[in-house]
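Listing of query.txt; format and content: compact mmCIF, C-alpha atoms and all ligand atoms.
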```
# COMPACT_ATOMS: atom_id res chain seq x y z
CA LYS X 1 85.60 111.35 93.58
CA SER X 2 88.43 109.38 95.17
CA LYS X 3 89.22 112.30 97.44
CA ARG X 4 85.60 112.62 98.52
CA LEU X 5 85.40 108.93 99.46
CA LEU X 6 88.75 109.03 101.23
CA ASP X 7 87.63 112.04 103.27
CA LEU X 8 84.31 110.39 104.11
CA GLN X 9 86.10 107.23 105.17
CA LYS X 10 88.34 109.22 107.47
CA GLU X 11 85.31 110.82 109.04
CA ILE X 12 83.08 107.80 109.57
CA GLU X 13 85.17 104.62 109.52
CA GLY X 14 86.13 103.97 113.10
CA ILE X 15 89.21 101.86 112.76
CA VAL X 16 92.71 102.96 111.87
CA VAL X 17 93.02 102.90 108.12
CA SER X 18 96.38 101.75 106.83
CA TYR X 19 96.78 101.24 103.08
CA PRO X 20 94.82 104.27 101.81
CA THR X 21 97.10 106.59 103.75
CA LYS X 22 99.93 105.37 101.53
CA MET X 23 98.01 104.66 98.34
CA PRO X 24 95.20 107.24 98.37
CA ILE X 25 92.65 105.74 96.01
CA ALA X 26 89.06 104.65 96.21
CA ILE X 27 88.82 101.48 94.18
CA ASP X 28 85.96 101.02 91.77
CA SER X 29 86.85 97.75 90.06
CA ALA X 30 89.75 95.45 89.29
CA LYS X 31 90.58 92.81 86.71
CA GLY X 32 93.71 90.71 86.44
CA SER X 33 96.61 92.91 87.54
CA ILE X 34 94.88 96.24 86.98
CA ILE X 35 92.89 98.29 89.47
CA GLU X 36 90.57 101.09 88.37
CA ASP X 37 89.72 103.86 90.79
CA VAL X 38 86.42 105.74 90.96
CA ASP X 39 87.86 108.48 88.74
CA GLY X 40 88.77 106.06 85.97
CA ASN X 41 92.52 105.98 86.68
CA HIS X 42 94.28 102.67 86.14
CA PHE X 43 96.96 101.23 88.43
CA ILE X 44 99.25 98.26 87.97
CA ASP X 45 98.75 96.15 91.05
CA PHE X 46 102.07 94.82 92.34
CA PHE X 47 100.53 94.78 95.82
CA GLY X 48 98.07 92.02 94.93
CA GLY X 49 95.74 92.72 97.85
CA CYS X 50 98.64 91.97 100.20
CA GLY X 51 99.63 88.74 98.50
CA VAL X 52 96.08 87.47 98.08
CA LEU X 53 95.23 87.82 94.39
CA ASN X 54 97.52 85.13 93.04
CA VAL X 55 95.17 84.18 90.20
CA GLY X 56 94.29 87.82 89.55
CA HIS X 57 91.42 90.12 90.38
CA GLY X 58 88.05 88.87 89.17
CA ASN X 59 89.50 85.80 87.47
CA SER X 60 86.55 84.67 85.27
CA PHE X 61 87.51 80.99 85.45
CA VAL X 62 87.32 81.08 89.26
CA LEU X 63 84.22 83.28 89.24
CA GLU X 64 82.31 80.50 87.50
CA TYR X 65 83.00 78.18 90.46
CA VAL X 66 81.88 80.94 92.82
CA LYS X 67 78.62 81.65 90.99
CA LYS X 68 77.73 78.00 90.84
CA GLN X 69 78.37 77.51 94.53
CA GLN X 70 76.54 80.67 95.57
CA SER X 71 73.31 79.46 94.06
CA LYS X 72 73.69 76.07 95.75
CA LEU X 73 75.06 76.40 99.30
CA ILE X 74 76.92 79.14 101.13
CA HIS X 75 77.04 78.32 104.84
CA ALA X 76 77.48 74.77 106.07
CA LEU X 77 79.50 75.08 109.31
CA ASP X 78 81.67 71.98 109.57
CA PHE X 79 79.32 69.52 107.90
CA PRO X 80 80.92 67.53 105.12
CA THR X 81 80.30 68.77 101.59
CA GLU X 82 81.74 67.44 98.34
CA ASN X 83 83.04 70.93 97.73
CA LYS X 84 85.05 70.95 100.96
CA LEU X 85 86.36 67.40 100.77
CA SER X 86 87.43 67.97 97.20
CA LEU X 87 89.49 70.98 98.35
CA ILE X 88 91.11 68.99 101.17
CA GLN X 89 92.07 66.33 98.69
CA LYS X 90 93.53 68.91 96.33
CA ILE X 91 95.59 70.42 99.14
CA LEU X 92 96.91 67.01 100.20
CA ASN X 93 97.62 65.98 96.63
CA HIS X 94 99.81 69.02 96.17
CA LEU X 95 102.07 68.06 99.07
CA PRO X 96 105.22 66.08 98.26
CA SER X 97 104.17 62.47 97.65
CA LYS X 98 106.48 61.17 100.40
CA ILE X 99 104.71 63.07 103.17
CA ARG X 100 101.18 63.42 101.79
CA LYS X 101 99.71 60.54 103.74
CA ASP X 102 101.07 61.92 107.03
CA PHE X 103 99.00 65.10 106.93
CA LYS X 104 95.43 66.24 107.31
CA VAL X 105 93.71 69.57 106.76
CA SER X 106 91.44 71.62 108.98
CA PHE X 107 89.84 74.99 108.39
CA GLY X 108 90.03 78.00 110.65
CA GLY X 109 87.98 81.17 110.64
CA PRO X 110 88.20 83.55 107.72
CA THR X 111 91.59 85.17 108.41
CA GLY X 112 95.21 84.16 108.59
CA SER X 113 95.27 85.13 112.25
CA ASP X 114 92.62 82.47 112.95
CA ALA X 115 94.89 79.82 111.51
CA VAL X 116 97.84 81.04 113.56
CA GLU X 117 95.75 80.95 116.74
CA ALA X 118 94.71 77.39 115.96
CA ALA X 119 98.28 76.30 115.26
CA ILE X 120 99.56 77.74 118.54
CA LYS X 121 96.73 76.12 120.50
CA LEU X 122 97.28 72.76 118.85
CA ALA X 123 101.01 72.83 119.64
CA LYS X 124 100.38 73.78 123.27
CA ILE X 125 97.74 71.10 123.76
CA LYS X 126 99.86 68.46 122.08
CA THR X 127 103.05 69.16 124.03
CA GLY X 128 101.57 70.33 127.32
CA ARG X 129 104.12 73.16 127.16
CA GLU X 130 103.50 76.89 127.23
CA GLY X 131 106.16 78.78 125.36
CA ILE X 132 106.44 79.76 121.72
CA ILE X 133 109.57 80.86 119.90
CA ALA X 134 109.14 83.29 117.04
CA PHE X 135 111.54 85.15 114.77
CA SER X 136 112.63 88.76 114.46
CA GLY X 137 110.80 90.41 111.58
CA GLY X 138 108.05 87.79 111.66
CA TYR X 139 104.43 88.78 111.12
CA HIS X 140 101.60 86.44 112.03
CA GLY X 141 98.50 88.56 112.61
CA MET X 142 96.62 90.86 114.92
CA THR X 143 94.61 88.63 117.29
CA SER X 144 96.20 88.20 120.73
CA GLY X 145 98.09 84.95 120.13
CA ALA X 146 99.13 85.88 116.59
CA LEU X 147 100.15 89.34 117.75
CA ALA X 148 102.21 87.82 120.54
CA VAL X 149 104.41 86.08 117.98
CA THR X 150 104.63 89.12 115.69
CA SER X 151 107.90 90.87 116.43
CA ASP X 152 107.18 94.49 115.48
CA THR X 153 106.70 96.37 118.76
CA PHE X 154 104.73 99.04 116.90
CA PHE X 155 101.77 96.66 116.92
CA ARG X 156 102.31 95.45 120.48
CA ASN X 157 102.82 98.79 122.14
CA LYS X 158 100.85 98.97 125.40
CA LEU X 159 99.64 95.39 124.93
CA SER X 160 102.44 93.57 126.68
CA SER X 161 100.14 92.18 129.34
CA LEU X 162 98.27 90.23 126.65
CA ILE X 163 101.40 88.51 125.52
CA PRO X 164 102.13 85.06 126.88
CA ASN X 165 105.40 83.17 127.05
CA VAL X 166 107.03 84.18 123.75
CA SER X 167 110.72 84.58 122.90
CA PHE X 168 112.20 85.90 119.69
CA VAL X 169 115.31 84.67 117.93
CA PRO X 170 117.12 86.09 114.88
CA TYR X 171 115.89 85.21 111.40
CA SER X 172 118.31 84.34 108.64
CA TYR X 173 118.54 87.88 107.27
CA CYS X 174 121.79 87.61 105.36
CA TYR X 175 121.89 91.17 104.01
CA ARG X 176 121.93 92.39 107.62
CA CYS X 177 123.37 89.40 109.40
CA PRO X 178 122.88 89.89 113.16
CA PHE X 179 126.21 88.12 113.64
CA ASN X 180 128.09 90.20 111.04
CA LYS X 181 128.83 87.17 108.89
CA GLU X 182 128.82 86.81 105.12
CA PRO X 183 126.41 84.24 103.67
CA GLU X 184 129.20 82.56 101.70
CA THR X 185 131.23 81.78 104.80
CA CYS X 186 128.78 81.84 107.69
CA ASN X 187 128.15 78.82 109.83
CA TYR X 188 124.46 79.40 110.43
CA GLU X 189 125.21 81.35 113.61
CA CYS X 190 121.54 82.47 113.65
CA ALA X 191 120.39 78.85 113.87
CA ASP X 192 123.04 78.18 116.55
CA HIS X 193 121.53 80.94 118.62
CA PHE X 194 118.22 79.10 118.61
CA ASP X 195 120.02 75.89 119.53
CA TRP X 196 121.75 77.61 122.45
CA LEU X 197 118.45 79.03 123.69
CA LEU X 198 117.00 75.54 123.96
CA LYS X 199 120.09 73.79 125.30
CA ASP X 200 121.35 76.18 127.95
CA LYS X 201 119.31 75.87 131.11
CA HIS X 202 120.30 79.45 131.92
CA SER X 203 119.06 80.92 128.67
CA GLY X 204 115.91 81.92 130.50
CA VAL X 205 113.71 80.00 128.08
CA ALA X 206 111.95 76.82 129.15
CA GLN X 207 111.41 74.16 126.50
CA PRO X 208 108.74 75.70 124.27
CA ALA X 209 105.71 74.07 122.69
CA ALA X 210 106.47 75.35 119.20
CA ILE X 211 108.37 77.63 116.93
CA ILE X 212 106.52 79.66 114.33
CA ILE X 213 108.43 80.82 111.29
CA GLU X 214 107.73 82.12 107.78
CA PRO X 215 109.74 80.09 105.26
CA LEU X 216 110.07 83.36 103.34
CA GLN X 217 109.55 86.33 105.61
CA GLY X 218 106.91 88.61 104.08
CA GLU X 219 106.08 91.77 106.05
CA GLY X 220 109.64 91.59 107.41
CA GLY X 221 110.86 92.49 103.91
CA ASN X 222 110.45 89.45 101.63
CA ILE X 223 113.54 87.84 103.07
CA LEU X 224 114.53 84.46 101.70
CA PRO X 225 116.62 82.68 104.35
CA LYS X 226 119.95 81.16 103.49
CA GLU X 227 119.72 77.74 101.88
CA GLY X 228 119.89 75.08 104.57
CA TYR X 229 118.72 77.40 107.36
CA LEU X 230 115.15 76.07 107.62
CA GLU X 231 116.42 72.49 107.67
CA ARG X 232 118.68 73.35 110.61
CA ILE X 233 115.94 75.13 112.51
CA VAL X 234 113.56 72.20 112.06
CA ASP X 235 116.22 69.73 113.09
CA ILE X 236 117.05 71.64 116.28
CA ALA X 237 113.35 71.99 117.13
CA HIS X 238 112.60 68.32 116.60
CA LYS X 239 115.59 67.21 118.65
CA ASN X 240 114.02 69.20 121.52
CA GLY X 241 110.48 67.94 121.05
CA VAL X 242 109.36 71.34 119.76
CA ILE X 243 106.57 71.50 117.19
CA VAL X 244 107.40 73.38 114.00
CA ILE X 245 104.82 75.72 112.54
CA PHE X 246 105.54 77.09 109.08
CA ASP X 247 103.42 80.14 108.42
CA GLU X 248 102.76 79.95 104.67
CA ILE X 249 99.91 82.44 104.77
CA GLN X 250 101.75 84.81 102.46
CA SER X 251 104.30 82.56 100.80
CA GLY X 252 101.78 79.81 99.97
CA PHE X 253 99.48 79.08 97.08
CA PHE X 254 102.14 79.14 94.37
CA ARG X 255 103.40 82.61 95.33
CA THR X 256 107.01 81.42 95.09
CA GLY X 257 106.40 79.27 92.01
CA ILE X 258 105.53 76.16 93.98
CA PHE X 259 102.47 75.19 96.04
CA LEU X 260 104.13 75.98 99.39
CA GLU X 261 107.53 77.62 99.82
CA PHE X 262 108.85 74.93 102.18
CA MET X 263 108.66 72.53 99.22
CA ASN X 264 111.68 74.37 97.82
CA THR X 265 113.63 73.06 100.83
CA LYS X 266 114.13 69.74 102.55
CA ALA X 267 112.58 70.98 105.80
CA ILE X 268 109.34 69.32 106.87
CA PRO X 269 107.15 71.19 109.37
CA ASP X 270 104.53 69.71 111.67
CA ILE X 271 101.93 72.39 111.04
CA ILE X 272 101.45 74.69 108.06
CA THR X 273 99.14 77.70 108.29
CA PHE X 274 97.46 78.86 105.09
CA SER X 275 95.13 81.68 104.03
CA LYS X 276 95.36 84.65 101.58
CA GLY X 277 95.92 83.17 98.09
CA PHE X 278 93.87 80.09 98.89
CA GLY X 279 90.71 82.19 98.64
CA GLY X 280 91.28 82.46 94.90
CA ILE X 281 90.10 85.93 94.08
CA GLY X 282 89.91 87.37 97.56
CA PHE X 283 87.47 85.15 99.43
CA PRO X 284 88.26 84.71 103.12
CA ILE X 285 89.59 81.30 104.05
CA SER X 286 92.26 79.90 106.34
CA GLY X 287 93.36 76.69 107.91
CA LEU X 288 96.01 74.25 108.94
CA ILE X 289 97.74 71.41 107.22
CA TYR X 290 99.15 69.32 110.04
CA LYS X 291 100.69 65.98 110.82
CA LYS X 292 98.25 63.30 111.88
CA SER X 293 100.77 62.32 114.54
CA ILE X 294 100.27 65.59 116.43
CA GLU X 295 96.48 65.43 116.45
CA ALA X 296 95.48 66.54 119.91
CA TRP X 297 92.06 68.15 119.61
CA GLU X 298 89.16 66.45 121.20
CA SER X 299 86.08 66.62 119.02
CA ALA X 300 84.72 70.20 119.02
CA ALA X 301 87.64 71.48 121.12
CA HIS X 302 88.44 74.11 118.49
CA ILE X 303 85.46 75.50 116.63
CA GLY X 304 84.20 78.65 114.86
CA THR X 305 81.03 79.71 113.05
CA PHE X 306 82.61 80.87 109.82
CA ARG X 307 85.02 78.04 109.26
CA ALA X 308 85.13 76.70 105.75
CA ASN X 309 82.73 79.04 103.99
CA GLN X 310 81.46 77.13 100.98
CA VAL X 311 81.90 79.99 98.51
CA SER X 312 85.48 80.55 99.64
CA ILE X 313 86.07 76.85 99.25
CA ALA X 314 84.60 76.87 95.74
CA ALA X 315 86.92 79.78 94.90
CA ALA X 316 89.86 77.77 96.23
CA ASN X 317 88.84 74.74 94.17
CA GLY X 318 88.57 77.00 91.13
CA ALA X 319 91.95 78.58 91.81
CA PHE X 320 93.64 75.16 92.08
CA ASP X 321 92.06 74.08 88.78
CA PHE X 322 93.07 77.36 87.16
CA VAL X 323 96.70 76.95 88.25
CA LYS X 324 96.81 73.50 86.71
CA LYS X 325 94.92 74.31 83.50
CA TYR X 326 97.01 77.38 82.70
CA SER X 327 100.37 76.10 84.02
CA LEU X 328 100.64 78.99 86.44
CA GLU X 329 103.68 77.53 88.19
CA GLU X 330 105.68 77.68 84.97
CA HIS X 331 104.44 81.17 84.20
CA THR X 332 105.38 82.34 87.71
CA GLU X 333 108.86 80.96 87.30
CA TYR X 334 109.28 82.55 83.90
CA LEU X 335 107.98 85.91 85.08
CA SER X 336 110.06 85.76 88.22
CA SER X 337 113.35 85.35 86.40
CA TYR X 338 112.33 88.01 83.86
CA LEU X 339 111.52 90.45 86.65
CA PHE X 340 114.63 89.62 88.69
CA ASP X 341 116.83 90.26 85.61
CA LYS X 342 115.27 93.67 85.12
CA LEU X 343 115.60 94.50 88.81
CA TYR X 344 119.27 93.49 88.93
CA GLN X 345 119.91 95.86 86.01
CA LEU X 346 118.12 98.58 87.91
CA LYS X 347 120.18 97.84 91.01
CA ASN X 348 123.39 98.47 89.03
CA GLU X 349 122.09 101.83 87.85
CA SER X 350 120.67 102.94 91.20
CA LYS X 351 122.60 104.57 94.02
CA PHE X 352 120.17 103.37 96.66
CA ILE X 353 119.12 99.80 95.89
CA GLY X 354 121.12 97.74 98.37
CA ASP X 355 119.56 94.31 98.02
CA ILE X 356 117.16 92.40 95.80
CA ARG X 357 115.83 89.09 97.06
CA GLY X 358 112.93 86.71 97.32
CA ARG X 359 111.59 83.88 95.26
CA GLY X 360 108.93 83.53 92.60
CA LEU X 361 106.77 86.63 92.68
CA MET X 362 107.49 87.52 96.29
CA ILE X 363 110.28 90.01 95.79
CA GLY X 364 111.93 92.49 98.14
CA ILE X 365 113.99 95.52 97.11
CA GLU X 366 115.84 97.14 99.99
CA PHE X 367 116.79 100.82 99.82
CA VAL X 368 119.87 102.17 101.60
CA LYS X 369 121.59 105.55 101.83
CA ASN X 370 124.92 103.99 101.08
CA LYS X 371 125.58 100.56 99.62
CA ASP X 372 128.62 100.06 101.87
CA THR X 373 127.20 101.20 105.20
CA LYS X 374 123.72 99.82 104.34
CA GLU X 375 122.07 102.58 106.34
CA PRO X 376 118.33 102.14 105.73
CA PHE X 377 116.73 104.81 103.51
CA GLU X 378 113.08 104.84 104.53
CA GLU X 379 112.48 108.46 103.43
CA PHE X 380 113.65 107.73 99.88
CA LEU X 381 111.27 104.82 99.54
CA LYS X 382 108.43 106.97 100.85
CA THR X 383 109.03 109.52 98.08
CA LEU X 384 109.57 106.78 95.52
CA ARG X 385 106.31 105.12 96.51
CA SER X 386 104.28 108.25 95.94
CA THR X 387 106.12 108.98 92.66
CA CYS X 388 105.31 105.46 91.42
CA PHE X 389 101.76 105.85 92.68
CA ASN X 390 101.29 109.04 90.68
CA LYS X 391 102.46 107.19 87.57
CA GLY X 392 100.18 104.21 88.26
CA LEU X 393 102.14 101.54 90.11
CA LEU X 394 101.05 100.11 93.47
CA PHE X 395 103.22 98.05 95.80
CA GLU X 396 103.64 97.35 99.50
CA VAL X 397 106.39 98.66 101.76
CA GLY X 398 107.76 96.70 104.71
CA GLY X 399 110.94 95.36 106.21
CA HIS X 400 112.69 95.61 109.55
CA PHE X 401 113.35 99.32 108.78
CA ASN X 402 110.40 100.15 106.51
CA ASN X 403 112.84 100.50 103.65
CA VAL X 404 111.84 97.50 101.54
CA MET X 405 109.69 97.70 98.43
CA ARG X 406 107.63 94.53 98.42
CA PHE X 407 106.24 93.07 95.22
CA THR X 408 103.48 90.45 95.39
CA PRO X 409 101.74 90.89 92.03
CA PRO X 410 99.11 88.50 90.72
CA LEU X 411 100.86 85.47 89.25
CA ILE X 412 98.87 85.87 86.03
CA THR X 413 100.57 89.20 85.30
CA THR X 414 101.71 89.44 81.68
CA THR X 415 105.19 90.36 80.44
CA GLU X 416 103.72 93.58 78.98
CA ILE X 417 102.42 94.65 82.36
CA VAL X 418 105.74 93.78 84.00
CA ASN X 419 107.50 95.91 81.37
CA ALA X 420 105.14 98.80 82.09
CA ALA X 421 105.76 98.45 85.83
CA ILE X 422 109.52 98.37 85.34
CA GLU X 423 109.32 101.44 83.14
CA ILE X 424 107.43 103.35 85.83
CA LEU X 425 109.86 102.14 88.47
CA THR X 426 112.94 103.06 86.42
CA ILE X 427 111.70 106.55 85.57
CA SER X 428 110.60 107.11 89.17
CA ILE X 429 113.92 105.99 90.64
CA HIS X 430 115.82 108.28 88.27
CA GLU X 431 113.51 111.14 89.12
CA CYS X 432 113.82 110.61 92.87
CA GLU X 433 117.59 110.09 92.79
CA GLU X 434 118.18 113.40 91.01
N1 LIG X 501 100.89 85.38 108.64
C1 LIG X 501 101.51 85.99 107.62
C2 LIG X 501 102.81 85.45 107.14
C3 LIG X 501 100.95 87.13 107.03
O1 LIG X 501 101.60 87.73 106.03
C4 LIG X 501 99.72 87.61 107.51
C5 LIG X 501 99.06 88.83 106.89
N2 LIG X 501 99.88 89.76 106.32
C6 LIG X 501 99.09 86.93 108.57
C7 LIG X 501 99.71 85.83 109.11
C8 LIG X 501 97.79 87.40 109.16
O2 LIG X 501 96.75 87.21 108.26
P1 LIG X 501 95.40 88.05 108.45
O3 LIG X 501 95.73 89.49 108.18
O4 LIG X 501 94.47 87.48 107.42
O5 LIG X 501 94.92 87.82 109.82
```
Mind converting the file's structure to structure tokens?
Amino acid sequence: KSKRLLDLQKEIEGIVVSYPTKMPIAIDSAKGSIIEDVDGNHFIDFFGGCGVLNVGHGNSFVLEYVKKQQSKLIHALDFPTENKLSLIQKILNHLPSKIRKDFKVSFGGPTGSDAVEAAIKLAKIKTGREGIIAFSGGYHGMTSGALAVTSDTFFRNKLSSLIPNVSFVPYSYCYRCPFNKEPETCNYECADHFDWLLKDKHSGVAQPAAIIIEPLQGEGGNILPKEGYLERIVDIAHKNGVIVIFDEIQSGFFRTGIFLEFMNTKAIPDIITFSKGFGGIGFPISGLIYKKSIEAWESAAHIGTFRANQVSIAAANGAFDFVKKYSLEEHTEYLSSYLFDKLYQLKNESKFIGDIRGRGLMIGIEFVKNKDTKEPFEEFLKTLRSTCFNKGLLFEVGGHFNNVMRFTPPLITTTEIVNAAIEILTISIHECEE
């Protein structure tokens, strides 16, 4: 049945299909961390709908909020509702107490890209400047502005004329340091590069409106920057009057064990983009959390029909309450260290695991042909992915060289399911390494 639906999709769905080419299933239903296909096969979902299903598929606690809201009000444009204002308050209350009062929240359209567009516009309007600086390996979406700050040229091929004044600088990718330094002894040369770009009048880059950066780079390979890096980047930006946008679309909503990843650092951005996990169980929602001091919109200067869908908002309210009621932050932390331990063991046994990194349940495993030369091993991961798939484990692949296994499982995943996933992974790695 899966094959029939996949074939039909290929024939009649007019847009390039991505995930099913790598994980060929037709999904029938899903609950918690398990997906069932139309043939009754079960899969452990370490993909999590691309980092969306933080509270798990079909979470019944959240579903109650959704059902209640559906029968009451679904579409309310930007009129105030108790539902919406309650969510804004929850978001603000989860920010560090010292900065909470400095921020406000606004909603974008349904996708992460909408939030990124809004953030870029706000920064440009506020500063009166044009340029944006983004980071190598960064992913911010597929609409023109968001695409312009996404570094992978695969997506931007033949679209260069759409791309405005954007420059890219190196991200803090310590396993493959662009400056050939070791993290223990480096001097943040990657941050210095950004500093130089802004300071040197001959760098070719005029003072930009903003930088946009993921505090933990997702599609780029779940790369956690070196401690202290974000603080430096923010400091350099602020000294140059540049607005700092942290894209927390993937790393947010408790994915790394805390509400937003930047809260694990001392860096304070001016704008935070959010989406994905905020929709609770997969409802579309996105928005900005931004400093009151950079407010620059005139009333109705940035609008959109499907902003702040009331059902999505109810799901978000439910997800926040679920996190609190069931201490999901603690569970994420516990599960994270359990999983990391198992993965480090696996790294010792494996010939091809070069690096394991990330935070919380946003974990990257980088495969290389040789642990000394670090030559990327994309082909191995391709085979490994289909071997794991055949045994019932789903995950995403990404990274600067497509050689990173990316785990973003639901945060509610149990130890038993993690054990089952590790078993599949271990057997599959052994099989593929033979
Ligand atoms: N920013 C980040 C960090 C993302 O991971 C993504 C999606 N993978 C986006 C933006 C774009 O979100 P969307 O696909 O909902 O437009």
Tell me which of X:Leu92, X:Ile236, X:Ile25, X:Ile44 sits closest to Glu423 (chain X), counting only C-alpha atoms.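 Of the candidates, the smallest distance to Glu423 (chain X) is held by X:Ile44.
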Nearby polymer residues, ligand LIG 501 (chain X), at most 8 Å, only C-alpha atoms and all ligand atoms, as a VMD selection string: chain X and resid 50 to 51 110 to 114 116 138 to 143 146 214 217 to 219 247 to 251 273 275 to 276 286
Given all atoms listed in the file as the counted atoms, nearest of X:Ile133, X:Ile427, X:Ile99, X:Val17 to Tyr290 (chain X):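 Using all atoms listed in the file, the shortest distance to Tyr290 (chain X) belongs to X:Ile99.
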Listed atoms of region 390-401 of chain X, axis-aligned box, 4 Å per side: centre and edge lengths to one decimal in Å, as lines of an AutoDock Vina configuration file?
```
center_x = 106.8
center_y = 102.2
center_z = 98.6
size_x = 21.2
size_y = 21.7
size_z = 30.0
```
For Ala319 (chain X): contacts at 9 Å, all atoms listed in the file, fewer than 6 positions along chain excluded, given as a ChimeraX atom specification: /X:54-55,59,61-62,277-281
Keeping only C-alpha atoms, take the residues you just selected and write them out as a PDB file, keeping the file's coordinate frame.
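Below you can see selection.pdb, which holds the result:
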```pdb
ATOM      1  CA  ASN X  54      97.520  85.130  93.040  1.00  0.00           C
ATOM      2  CA  VAL X  55      95.170  84.180  90.200  1.00  0.00           C
ATOM      3  CA  ASN X  59      89.500  85.800  87.470  1.00  0.00           C
ATOM      4  CA  PHE X  61      87.510  80.990  85.450  1.00  0.00           C
ATOM      5  CA  VAL X  62      87.320  81.080  89.260  1.00  0.00           C
ATOM      6  CA  GLY X 277      95.920  83.170  98.090  1.00  0.00           C
ATOM      7  CA  PHE X 278      93.870  80.090  98.890  1.00  0.00           C
ATOM      8  CA  GLY X 279      90.710  82.190  98.640  1.00  0.00           C
ATOM      9  CA  GLY X 280      91.280  82.460  94.900  1.00  0.00           C
ATOM     10  CA  ILE X 281      90.100  85.930  94.080  1.00  0.00           C
TER      11      ILE X 281
END
```
Within 8 Å of region 354-370 of chain X using only C-alpha atoms, minus same-chain residues under 4 positions, as number ranges by chain: X: 175, 216, 218, 221-224, 251, 255-257, 332-333, 335-337, 343-344, 347, 374-378, 380-381, 403-409, 411
Separation of CA of Ile271 (chain X) from CA of Ile132 (chain X), in Å and rounded to one decimal: 13.7 Å
Considering only C-alpha atoms, can you say which of X:Arg307, X:Lys199, X:His57, X:His302 comes closest to Ala76 (chain X)? X:Arg307
Neighbour list for Leu122 (chain X) as JSON, numbers by chain, cut-off 8 Å, only C-alpha atoms, skip fewer than 5 positions in-chain: {"X": [295, 296, 297]}
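Comparing the minimum interatomic distances between Pro80 (chain X) and each of X:Asn309, X:Val244, X:Glu329, X:Lys226, counting all atoms listed in the file, we find that X:Asn309 sits nearest.
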